[in-house]
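One structure is given below, encoded as structure tokens.
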Amino acid sequence: MKKNIIANLAGRFWSILSNFAFIPLYIKYLGFESYSVISFTLMITGIMAVLDGGLTATLSREFARKDNTEADKYRTFRSLEAGYLLVVFLCIVIIFLASGYIGQHWISVKSFTPDQIALFLKIMSFEIGFQLLFRFYMGGLLGLEKQVEANVYQIGWGLVRNGLVLIAIYMSPSLQTFFLWQTVSTIIFTLLIKFALQNKISSGSRFAFSLKIEKDVILKVGKFAGGMMLIALVAALNTQLDKVTISKLLSLENLGYYTLAISVSQGLMILTNPISTALLPRFTAHYSSSERHHASELFGKVSTGVSILIFSLMVNMAFFSSDLIWIWTGKQDIAEKTYKLVPVVAFAYSMIAIQMLPYNIAIANGYTKLNNILGLLSLVITIPGYYIATKTYG
């Protein structure tokens, strides 16, 4: 388990580091308005994540269960993969069809025409669809506790997609080049991780894609997958409504500043995500084997230490946000327009971070009811709240 935690730390550290290292360079080579367009596509990616429908969490949980045979796991994988291919197709079609409307009526930027915005979104529709599929296969590896290998693919994908793209935009500084590079990189790594996962669970062809959904598999995992689908829908609304509101009611430049504040605050997740990701398969194994005492001991060992680390880092982010953003971006004007957002956003992310371990206890038990009740209740506040607050106070 320690090896898995270290591997997840490396993966999450790389993810956060790539944000800090590459975002200032994207702004330098493409300009801040182009970065604001990139921020908008990140919002679209978050919204489309709802199409996952809980399938990734379901696959990971079924792979981690001790009471599933190898044959059961393979049949589950084939059925869920078939469903996920439909998800990817639906994601691409939705963004493709909506691109013209978004370019014409939703966002307005000085440097790009509506037709150019529509073209960027059409390119990104394939990147977003395959990114969902990549995370589905990665969820399978994590469920098998092959977390070292999963993070090798995660880091490799991030390096090629987010790092080497700098060479491309240095030679051809355009958003079209940026989005094309990211799309091709994601498709390649999705195929690579698919072959790796299928090799772990099947002696057959690693190049085969399933188009068959078995009814008994769906009946078996349907209740958990349904609960996770509602969680995914509510989470997508709760995590993207703020950005949707800003992109519609304020300038796209404001979305860029807000996204920078989020990128800084996500550093808090580097402390929690690797641990919770490593522990989820272990919790699932304990609960599926009625080893509740072992699960309770495991939770007690890590929860207090994680909380101390999270709040220590959050306080430092809040007090030194201006200096942090200035050092990071090298631009004083951006720091002045962003630093006031960081304390609020960092506090919010610290709340998310300390939820992760208890949330995984619930998921390991297949219990999704409480999360959905709280999520739905929160929408009663956030849906009108975001609109009223932004409209009234900017």
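Scheme for the structure tokens: letters A, B, ... for chains in order shown; per-chain residue numbers from 1; ligand numbers from 1 in order shown.
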
Report task. Just the residues within 12 Å of Ala49 of chain A, please, counting only C-alpha atoms, with nothing from its chain fewer than 4 positions along; format it as a ChimeraX atom specification. Result -> /A:42-45,53-56,84,87-88,90-91,128-133,135-136,229-237,239-240

Report summary line: Judged by only C-alpha atoms, the minimum distance to Glu127 of chain A among A:Arg161, A:Asn365, A:Ile193, A:Asn68 is found for A:Arg161

**Report entry** Ser174 of chain A environment, 10 Å, only C-alpha atoms, sequence neighbours closer than 5 positions dropped, as a list of chain:residue names
**Finding:**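 Listing them by chain and then by number gives A:Tyr29, A:Leu30, A:Gly31, A:Ser34, A:Ala168, A:Ile169, A:Phe179.
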
Could the residues in this selection be written to a file with N, CA and C atoms, as a PDB file, in the first residue's frame?
```pdb
ATOM      1  N   TYR A  29       3.191  32.492 -24.380  1.00  0.00           N
ATOM      2  CA  TYR A  29       3.237  32.225 -25.821  1.00  0.00           C
ATOM      3  C   TYR A  29       1.918  32.493 -26.528  1.00  0.00           C
ATOM      4  N   LEU A  30       0.791  32.328 -25.816  1.00  0.00           N
ATOM      5  CA  LEU A  30      -0.510  32.461 -26.468  1.00  0.00           C
ATOM      6  C   LEU A  30      -1.268  33.720 -26.063  1.00  0.00           C
ATOM      7  N   GLY A  31      -0.912  34.314 -24.910  1.00  0.00           N
ATOM      8  CA  GLY A  31      -1.618  35.486 -24.420  1.00  0.00           C
ATOM      9  C   GLY A  31      -2.687  35.100 -23.405  1.00  0.00           C
ATOM     10  N   SER A  34      -6.162  33.949 -24.792  1.00  0.00           N
ATOM     11  CA  SER A  34      -6.146  32.556 -25.243  1.00  0.00           C
ATOM     12  C   SER A  34      -6.233  31.611 -24.051  1.00  0.00           C
ATOM     13  N   ALA A 168       5.340  22.820 -29.618  1.00  0.00           N
ATOM     14  CA  ALA A 168       4.443  23.077 -30.744  1.00  0.00           C
ATOM     15  C   ALA A 168       3.990  24.534 -30.787  1.00  0.00           C
ATOM     16  N   ILE A 169       3.580  25.091 -29.629  1.00  0.00           N
ATOM     17  CA  ILE A 169       3.075  26.466 -29.654  1.00  0.00           C
ATOM     18  C   ILE A 169       4.212  27.487 -29.714  1.00  0.00           C
ATOM     19  N   PHE A 179      -4.740  22.920 -29.286  1.00  0.00           N
ATOM     20  CA  PHE A 179      -5.832  21.958 -29.123  1.00  0.00           C
ATOM     21  C   PHE A 179      -5.607  20.691 -29.947  1.00  0.00           C
TER      22      PHE A 179
END
```

Requested in this report: Write out as a list in words each polymer residue whose atoms come within 10 Å of Ile123 of chain A, counting only C-alpha atoms; drop sequence neighbours fewer than 6 positions from it.
Outcome: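 Counting only C-alpha atoms, the residues come to Ile92, Ile95, Phe96, Ser99, Gln176, Phe179, Leu180, Trp181, Gln182, Thr183 and Val184 of chain A.
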
Requested in this report: For Ile246 of chain A, work out the shell of residues within 9 Å, counting only C-alpha atoms and skipping chain neighbours fewer than 3 positions away, then give it as a ChimeraX atom specification.
Outcome: /A:241-243,249-252,254-255,258,386-387,390,394

Query raised in the report: How many Å lie between atom CA of Ala364 of chain A and atom CA of Ser307 of chain A, rounded to one decimal?
Result: 20.8 Å
